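Down below is the structure, laid out as structure tokens.
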Number of protein chains: 2
Amino acid sequence: MPTISKRGELMPPSPIRKLVPYAENAKKNGTKVYHLNIGQPDIETPKPVLDAVRHSDFKVLEYSHSAGNESYRRKLVTYYERFGINLTPQQIIVTTGGSEAILFAFMACLDAGDEVLVPEPFYANYNGFAIEAGINVRTITASIENGFALPAMEAFEKAITPRTKAIMICNPNNPTGYLYSKEELSVLTELCLRHNLYLFSDEAYREFCYTGEHFSAMNLDGLEDNVILMDTISKRYSACGGRIGALVTKNQTVLDAVMKFAQARLSPPSFAQIAGEAAVDLPLDYFDEIKAEYQSRRDVLVSMLNDIPGVFCPNPGGAFYAIARLPIDNADRFCQWLLESFSYEQQTVMLSPATGFYATKGLGTNEVRLAYVLNKEDIRKAMICLGKALESYPGRIEIKEGASVAEN
Amino acid sequence: MPTISKRGELMPPSPIRKLVPYAENAKKNGTKVYHLNIGQPDIETPKPVLDAVRHSDFKVLEYSHSAGNESYRRKLVTYYERFGINLTPQQIIVTTGGSEAILFAFMACLDAGDEVLVPEPFYANYNGFAIEAGINVRTITASIENGFALPAMEAFEKAITPRTKAIMICNPNNPTGYLYSKEELSVLTELCLRHNLYLFSDEAYREFCYTGEHFSAMNLDGLEDNVILMDTISKRYSACGGRIGALVTKNQTVLDAVMKFAQARLSPPSFAQIAGEAAVDLPLDYFDEIKAEYQSRRDVLVSMLNDIPGVFCPNPGGAFYAIARLPIDNADRFCQWLLESFSYEQQTVMLSPATGFYATKGLGTNEVRLAYVLNKEDIRKAMICLGKALESYPGRIEIKEGASVAEN
């Protein structure tokens, strides 16, 4: 039998999805599982967005332009204008989810062996795309103690090598919820200009900021040729299954290269481009309610977490994730145990072990990521479950402040 | 400004799409362009397939399972049963188009520097996916003289190196239309077993065979662990824009590895999975009419081509492509000239230069690929145009038989 590839072996199983079989089992056994493990919002996709697809009347489900329908890209121009980002339709390449935008940027900007610098913890699937592209993710560790703020410039400077080609951030951050300030971004500007690096900015959660205004990397002065924006409609409009994202940049050479990758896979999905186009026409106050809803969920989640003895959760500034430190020996074991061996009033909680969000071995072993994508009542019940679980978990240990945080 | 990657430079522009700007210009100038350049069928997507999406009533456009909805995979099991291919839903991973199935197979089975052996001419985008995966495409040249039949076993043996990990075919073939016989496939079985190779079989056009029955690589005895099927609903149901395909194999280790790549990109598009599921329920005679239509188009195209002085086009056994040899100096120049400098009664033809389908430099320079995806009346007009064009093309040259074919 032929063997699989080394990268096929190296490829990490999704830390978000690898517990799925245990959850399925728990459900088969009649246990209600609260899914705080995955960024699948329960918020309804706006009806006009779904209706646009349902009322479409084309006869042939054709390939679109490889860069996406021009009508959709024009509409996206007006969407970005709302954030002071001035673009032409040619500076937007519609991708199959934000995932493909990330893969395209890695492929078009870095060669095998090149390095991208990412503050950790970071969105675990960057690892997968890095392995596909043969590039190396190098991390600078952020600290739970200060809510995962951007590490100091010196830490970046120390990590930069001749193979470093890019810095990557997710803002507001998945998995930490941290919202980078304009000042932190200007540190990145300085670094990128000094070392001639790309700045990859994943802004999937742009609309969901609670502690301040979002500042897009696209608006960083002097960095126009360095910034590549990875975007998606998945979270913005609760449209994860559409698989529509975008790669946006003012760097024409990058656009030309990315277009070749886009042409190879022919086109992004047609149905969901119709949805994406309709979404831009939603009333501008659409996000007010959604944002208020997420913010109130965050408030419930974070306060209930911090009320559980031994638990620490910094208050996230955006997105809909939080990382909490738990009094446990091993997050992977704990998350599996929650599904396999625990229930409270026929209920349990599914969480993501934070280990999968760190590249540095040994970090995140007592941290979990929680996605507050359930309604407040469910979040409350889930937090009660979690509290009960931590009381009876056999691997419970007391952790002294700061013990989970590397020193650099 | 940071530089792009070497692979971003190496990545070939699509030979199918790179002429698009010239076509757009021609249309702006009032010229009607017959698109024989791209496999975008004009056949209507079956109404029940589109209606399934339009009548869907979910409220949240969610991620699906990374391997695709289980209901859809169950349905696909019944689809494959019709061809004597017995599968479990777990042996099917739904992909974003056939494109992603190809990329996943390359990534999961081959490492950078490994080689895949492909008869040329071949579907040009294999090149793009190979560059993304860092693997090398090695070709064995098929001959237009015998209709692009499978090259002799000796030619494969000669090309196999210690880095060869797979043989790849497209059956029936894009771009040649050649339908591989059971005997030719048994040659590949022997080669794969002897050299411990994967057999990647792209069967996007399974239903469209005119000169015999299709024999799937999945039904090759003794090759169960070696065969990876790449499939798509794009051509089958005129649903190219859905971006739904599948990777199918009985090799559990490959399935496990591919699942990790599938998890990294989260899920295939949700809307079109609904379409794909409905498509399996189409009446079994659905393909009779479509196939008859394509076959009659082929008959018109091939006979009109061979009636043009200096043109030779073998009769394709399947799919909806043909490669023709033309009395021209340079296919790329000719195809551009057709759009830029030629029109006949305000009409012209868009073709794909065959050079992009060959890896061996110098081959295909006097060949073009034609997709018979237009109705017969349009095909007739397009062929009249082409005949007129060849009369006035300044680079016309007479070619002696066999001159375009390499000797191995």
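Each chain in the structure tokens gets a letter, A, B and so on, in the order shown; residues start at 1 in every chain, and ligands are counted from 1 in the order they appear.
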Requested in this report: List every residue of range 154-403 of chain A that DSSP, applied to the backbone of this structure, places in strand (DSSP E or B), and write the result as number ranges by chain.
Outcome: A: 164-170, 198-202, 209, 227-232, 245-249, 312, 318, 321-325, 328, 344, 347-350, 352-353, 367-371, 396
Requested in this report: With a distance cut-off of 10 Å and only C-alpha atoms, select the neighbouring residues of Phe156 in chain A, excluding the residue or stretch itself and same-chain residues fewer than 5 positions from it, and output the selection as a ChimeraX atom specification.
Outcome: /A:117-119,138-141,150-151,167,187-188,191
Please produce, as a Markdown table, a per-residue contact table for range 5-62 of chain B versus range 248-261 of chain A (criterion: any atom at most 10 Å away, only C-alpha atoms considered), showing the nearest atom pair and its distance in Å to one decimal, sorted by chain then residue number.
| residue | atom | partner | partner_atom | distance |
| --- | --- | --- | --- | --- |
| B:Ser5 | CA | A:Ala257 | CA | 8.7 |
| B:Arg7 | CA | A:Ala257 | CA | 8.9 |
| B:Gly8 | CA | A:Ala257 | CA | 5.2 |
| B:Glu9 | CA | A:Ala257 | CA | 6.7 |
| B:Leu10 | CA | A:Ala257 | CA | 9.1 |
| B:Met11 | CA | A:Lys260 | CA | 6.4 |
| B:Pro12 | CA | A:Lys260 | CA | 6.6 |
| B:Pro13 | CA | A:Lys260 | CA | 5.2 |
| B:Ser14 | CA | A:Lys260 | CA | 6.9 |
| B:Arg17 | CA | A:Lys260 | CA | 9.8 |
| B:Lys18 | CA | A:Lys260 | CA | 9.4 |
File of the preceding selection, N, CA, C and O atoms, as an mmCIF file, in the first residue's frame:
data_model
loop_
_atom_site.group_PDB
_atom_site.id
_atom_site.type_symbol
_atom_site.label_atom_id
_atom_site.label_comp_id
_atom_site.auth_asym_id
_atom_site.auth_seq_id
_atom_site.Cartn_x
_atom_site.Cartn_y
_atom_site.Cartn_z
ATOM 1 N N SER B 5 6.089 35.131 -3.563
ATOM 2 C CA SER B 5 6.807 33.859 -3.487
ATOM 3 C C SER B 5 7.229 33.393 -4.880
ATOM 4 O O SER B 5 6.677 33.829 -5.887
ATOM 5 N N ARG B 7 6.701 30.416 -5.921
ATOM 6 C CA ARG B 7 5.577 29.654 -6.493
ATOM 7 C C ARG B 7 4.490 30.586 -7.021
ATOM 8 O O ARG B 7 3.773 30.229 -7.945
ATOM 9 N N GLY B 8 4.392 31.772 -6.395
ATOM 10 C CA GLY B 8 3.447 32.765 -6.918
ATOM 11 C C GLY B 8 3.844 33.207 -8.316
ATOM 12 O O GLY B 8 2.994 33.506 -9.158
ATOM 13 N N GLU B 9 5.163 33.260 -8.561
ATOM 14 C CA GLU B 9 5.637 33.583 -9.916
ATOM 15 C C GLU B 9 5.453 32.398 -10.861
ATOM 16 O O GLU B 9 5.019 32.545 -11.998
ATOM 17 N N LEU B 10 5.814 31.203 -10.351
ATOM 18 C CA LEU B 10 5.754 29.984 -11.173
ATOM 19 C C LEU B 10 4.339 29.604 -11.577
ATOM 20 O O LEU B 10 4.118 28.998 -12.619
ATOM 21 N N MET B 11 3.414 29.907 -10.702
ATOM 22 C CA MET B 11 2.014 29.515 -10.917
ATOM 23 C C MET B 11 1.588 29.936 -12.313
ATOM 24 O O MET B 11 1.703 31.112 -12.680
ATOM 25 N N PRO B 12 1.129 28.995 -13.134
ATOM 26 C CA PRO B 12 0.755 29.369 -14.500
ATOM 27 C C PRO B 12 -0.595 30.081 -14.520
ATOM 28 O O PRO B 12 -1.504 29.691 -13.802
ATOM 29 N N PRO B 13 -0.725 31.128 -15.337
ATOM 30 C CA PRO B 13 -2.072 31.685 -15.508
ATOM 31 C C PRO B 13 -2.907 30.633 -16.220
ATOM 32 O O PRO B 13 -2.390 29.841 -16.997
ATOM 33 N N SER B 14 -4.193 30.585 -15.932
ATOM 34 C CA SER B 14 -5.053 29.597 -16.567
ATOM 35 C C SER B 14 -5.056 29.767 -18.075
ATOM 36 O O SER B 14 -5.355 30.838 -18.575
ATOM 37 N N ARG B 17 -8.501 30.737 -19.033
ATOM 38 C CA ARG B 17 -9.072 32.026 -18.656
ATOM 39 C C ARG B 17 -8.195 33.226 -19.001
ATOM 40 O O ARG B 17 -8.633 34.350 -18.899
ATOM 41 N N LYS B 18 -6.946 32.973 -19.401
ATOM 42 C CA LYS B 18 -6.058 34.122 -19.553
ATOM 43 C C LYS B 18 -6.441 35.017 -20.727
ATOM 44 O O LYS B 18 -6.022 36.166 -20.789
#
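Proximity of B:Ala331, B:Ala354, B:Val116, B:Leu76 to Arg396 in chain B, computed with only C-alpha atoms, is greatest for B:Ala331.
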Query - Within 12 Å of Asp51 in chain B using only C-alpha atoms, minus same-chain residues under 3 positions, as a list in words - result: Val53, Arg54, His55, Ser56, Asp57, Phe58, Lys59 and Leu61 of chain A; Thr45, Pro46, Lys47, Pro48, Arg54, His55, Ser56, Asp57, Phe271, Ala272, Ile274, Ala275, Gly276, Glu277, Ala278 and Ala279 of chain B
Requested in this report: Please identify all polymer residues within 12 Å of Gly97 in chain B, counting only C-alpha atoms, omitting same-chain residues fewer than 2 positions from it, and present them as a VMD selection string.
Outcome: (chain A and resid 63 96 264 to 270) or (chain B and resid 93 to 95 99 to 104 202 204 230 to 235 239 to 247 267 to 269 272 to 273 276)
**Report entry** DSSP-assigned helix (DSSP H, G or I) among range 104-218 of chain B, expressed as a ChimeraX atom specification
**Finding:** /B:104-109,125-133,144-146,153-159,182-195,217-218
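Checking A:Tyr22, A:Tyr358, A:Phe342, A:Phe129 one by one against chain B, counting only C-alpha atoms, you find the shortest gap at A:Phe129.
CA of Gln336 in chain A is found 19.4 Å from CA of Ile379 in chain A.
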**Report entry** Close residues, range 306-310 of chain B itself excluded, 9 Å, only C-alpha atoms, min 5 positions apart in chain, as a PyMOL selection string
**Finding:** chain B and resi 301+324-327+383-384+386-387+390+398-399
I need the chosen residues saved as a compact mmCIF listing (two decimals), in the first residue's frame, with all heavy atoms.
# COMPACT_ATOMS: atom_id res chain seq x y z
N LEU B 301 -19.45 19.21 -34.40
CA LEU B 301 -18.15 19.88 -34.21
C LEU B 301 -17.04 19.14 -34.93
O LEU B 301 -16.27 19.73 -35.70
CB LEU B 301 -17.83 19.95 -32.71
CG LEU B 301 -16.51 20.64 -32.37
CD1 LEU B 301 -16.75 22.12 -32.06
CD2 LEU B 301 -15.81 19.99 -31.17
N ALA B 324 -8.06 19.71 -31.50
CA ALA B 324 -7.88 19.73 -32.95
C ALA B 324 -6.52 20.32 -33.29
O ALA B 324 -6.03 21.21 -32.61
CB ALA B 324 -8.98 20.58 -33.59
N ARG B 325 -5.94 19.75 -34.36
CA ARG B 325 -4.69 20.32 -34.87
C ARG B 325 -5.05 21.29 -35.99
O ARG B 325 -5.81 20.94 -36.89
CB ARG B 325 -3.79 19.20 -35.40
CG ARG B 325 -2.41 19.67 -35.78
CD ARG B 325 -1.50 18.49 -36.08
NE ARG B 325 -2.04 17.73 -37.19
CZ ARG B 325 -1.81 16.44 -37.39
NH1 ARG B 325 -1.07 15.74 -36.54
NH2 ARG B 325 -2.32 15.82 -38.42
N LEU B 326 -4.50 22.48 -35.91
CA LEU B 326 -4.81 23.52 -36.89
C LEU B 326 -3.57 23.90 -37.68
O LEU B 326 -2.44 23.76 -37.18
CB LEU B 326 -5.34 24.78 -36.17
CG LEU B 326 -6.50 24.62 -35.18
CD1 LEU B 326 -6.87 25.99 -34.60
CD2 LEU B 326 -7.71 23.97 -35.83
N PRO B 327 -3.77 24.40 -38.89
CA PRO B 327 -2.61 24.82 -39.70
C PRO B 327 -2.12 26.21 -39.29
O PRO B 327 -2.25 27.18 -40.06
CB PRO B 327 -3.18 24.82 -41.13
CG PRO B 327 -4.63 25.13 -40.94
CD PRO B 327 -5.03 24.55 -39.61
N MET B 383 -17.92 27.18 -36.11
CA MET B 383 -17.02 26.45 -37.01
C MET B 383 -16.86 27.19 -38.35
O MET B 383 -15.78 27.17 -38.95
CB MET B 383 -17.54 25.02 -37.24
CG MET B 383 -17.39 24.12 -36.01
SD MET B 383 -15.69 24.03 -35.34
CE MET B 383 -15.77 25.20 -34.00
N ILE B 384 -17.95 27.83 -38.77
CA ILE B 384 -17.84 28.65 -40.00
C ILE B 384 -16.85 29.79 -39.75
O ILE B 384 -15.94 30.04 -40.55
CB ILE B 384 -19.23 29.19 -40.42
CG1 ILE B 384 -20.10 28.02 -40.89
CG2 ILE B 384 -19.10 30.26 -41.51
CD1 ILE B 384 -21.58 28.36 -41.07
N LEU B 386 -14.42 29.83 -37.60
CA LEU B 386 -13.06 29.28 -37.48
C LEU B 386 -12.48 29.00 -38.87
O LEU B 386 -11.30 29.31 -39.13
CB LEU B 386 -13.09 27.99 -36.64
CG LEU B 386 -11.74 27.31 -36.42
CD1 LEU B 386 -10.77 28.21 -35.67
CD2 LEU B 386 -11.92 25.99 -35.64
N GLY B 387 -13.31 28.45 -39.74
CA GLY B 387 -12.85 28.19 -41.11
C GLY B 387 -12.40 29.48 -41.79
O GLY B 387 -11.31 29.55 -42.39
N LEU B 390 -9.13 30.77 -40.31
CA LEU B 390 -7.93 30.05 -40.75
C LEU B 390 -7.53 30.45 -42.18
O LEU B 390 -6.37 30.36 -42.55
CB LEU B 390 -8.15 28.54 -40.65
CG LEU B 390 -8.12 28.00 -39.21
CD1 LEU B 390 -8.62 26.56 -39.15
CD2 LEU B 390 -6.72 28.11 -38.60
N GLU B 398 1.20 25.25 -43.31
CA GLU B 398 0.74 23.88 -43.57
C GLU B 398 1.59 22.93 -42.74
O GLU B 398 2.81 23.07 -42.65
CB GLU B 398 0.85 23.54 -45.06
CG GLU B 398 0.03 24.47 -45.95
CD GLU B 398 -1.44 24.61 -45.51
OE1 GLU B 398 -2.04 23.62 -45.05
OE2 GLU B 398 -1.98 25.74 -45.62
N ILE B 399 0.92 21.97 -42.11
CA ILE B 399 1.63 21.06 -41.21
C ILE B 399 1.55 19.66 -41.76
O ILE B 399 0.47 19.18 -42.12
CB ILE B 399 1.00 21.11 -39.81
CG1 ILE B 399 1.23 22.49 -39.22
CG2 ILE B 399 1.56 20.04 -38.90
CD1 ILE B 399 0.45 22.77 -37.99
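Distance check against Pro21 in chain B using only C-alpha atoms: of A:Leu370, A:Tyr237, A:His65, A:Ser303, the minimum falls on A:His65.
Separating CA of Ala159 in chain B from CA of Gly147 in chain B is a distance of 21.5 Å.
Near Ala23 in chain A, within 10 Å and counting only C-alpha atoms, sit Arg17, Lys18, Leu19, Lys27, Lys28, Asn29, Thr31, Lys32, Val33, Tyr34, His35, Gln336, Leu338, Leu339, Glu340, Thr348, Val349 and Met350 of chain A, not including residues fewer than 4 positions from it in the same chain.
By chain and then residue number, the residues within 8 Å of range 372-375 of chain B are His35, Leu36, Gly39, Gln40, Pro41, Asp42, Ile43, Tyr294, Arg297, Arg298, Leu301, Phe320, Tyr321 and Ala322 of chain B, counting only C-alpha atoms and disregarding those fewer than 5 positions away in sequence.
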Output for the residues just chosen: N, CA, C and O atoms as a JSON list (two decimals), in the first residue's frame:
[["chain", "number", "residue", "atom", "x", "y", "z"],
["B", 35, "HIS", "N", -18.10, 30.97, -27.09],
["B", 35, "HIS", "CA", -17.18, 30.46, -26.07],
["B", 35, "HIS", "C", -17.05, 28.95, -26.16],
["B", 35, "HIS", "O", -17.84, 28.21, -25.62],
["B", 36, "LEU", "N", -16.01, 28.53, -26.85],
["B", 36, "LEU", "CA", -15.69, 27.10, -26.87],
["B", 36, "LEU", "C", -14.45, 26.86, -26.00],
["B", 36, "LEU", "O", -13.82, 25.82, -26.06],
["B", 39, "GLY", "N", -15.22, 24.79, -20.07],
["B", 39, "GLY", "CA", -16.20, 23.73, -19.89],
["B", 39, "GLY", "C", -17.40, 24.17, -19.08],
["B", 39, "GLY", "O", -17.79, 23.52, -18.12],
["B", 40, "GLN", "N", -17.96, 25.30, -19.45],
["B", 40, "GLN", "CA", -19.16, 25.81, -18.79],
["B", 40, "GLN", "C", -20.35, 25.45, -19.68],
["B", 40, "GLN", "O", -20.60, 26.13, -20.66],
["B", 41, "PRO", "N", -21.06, 24.36, -19.36],
["B", 41, "PRO", "CA", -22.15, 23.94, -20.24],
["B", 41, "PRO", "C", -23.28, 24.97, -20.27],
["B", 41, "PRO", "O", -23.52, 25.66, -19.28],
["B", 42, "ASP", "N", -23.95, 25.05, -21.42],
["B", 42, "ASP", "CA", -25.14, 25.91, -21.51],
["B", 42, "ASP", "C", -26.39, 25.12, -21.11],
["B", 42, "ASP", "O", -27.48, 25.69, -21.01],
["B", 43, "ILE", "N", -26.24, 23.81, -20.92],
["B", 43, "ILE", "CA", -27.36, 22.96, -20.49],
["B", 43, "ILE", "C", -27.90, 23.53, -19.18],
["B", 43, "ILE", "O", -27.13, 23.86, -18.28],
["B", 294, "TYR", "N", -25.09, 16.12, -26.12],
["B", 294, "TYR", "CA", -23.64, 16.31, -26.25],
["B", 294, "TYR", "C", -23.09, 15.52, -27.43],
["B", 294, "TYR", "O", -22.24, 15.99, -28.18],
["B", 297, "ARG", "N", -23.79, 17.24, -30.61],
["B", 297, "ARG", "CA", -22.91, 18.41, -30.74],
["B", 297, "ARG", "C", -21.51, 17.99, -31.17],
["B", 297, "ARG", "O", -20.88, 18.62, -32.02],
["B", 298, "ARG", "N", -21.04, 16.93, -30.53],
["B", 298, "ARG", "CA", -19.73, 16.42, -30.88],
["B", 298, "ARG", "C", -19.68, 16.08, -32.37],
["B", 298, "ARG", "O", -18.73, 16.42, -33.09],
["B", 301, "LEU", "N", -19.45, 19.21, -34.40],
["B", 301, "LEU", "CA", -18.15, 19.88, -34.21],
["B", 301, "LEU", "C", -17.04, 19.14, -34.93],
["B", 301, "LEU", "O", -16.27, 19.73, -35.70],
["B", 320, "PHE", "N", -16.86, 16.45, -22.97],
["B", 320, "PHE", "CA", -17.35, 17.34, -24.03],
["B", 320, "PHE", "C", -16.26, 18.27, -24.54],
["B", 320, "PHE", "O", -16.45, 19.46, -24.71],
["B", 321, "TYR", "N", -15.09, 17.63, -24.77],
["B", 321, "TYR", "CA", -13.95, 18.36, -25.30],
["B", 321, "TYR", "C", -13.38, 17.63, -26.51],
["B", 321, "TYR", "O", -13.52, 16.41, -26.63],
["B", 322, "ALA", "N", -12.73, 18.39, -27.35],
["B", 322, "ALA", "CA", -11.96, 17.80, -28.44],
["B", 322, "ALA", "C", -10.70, 18.62, -28.62],
["B", 322, "ALA", "O", -10.70, 19.82, -28.35]]
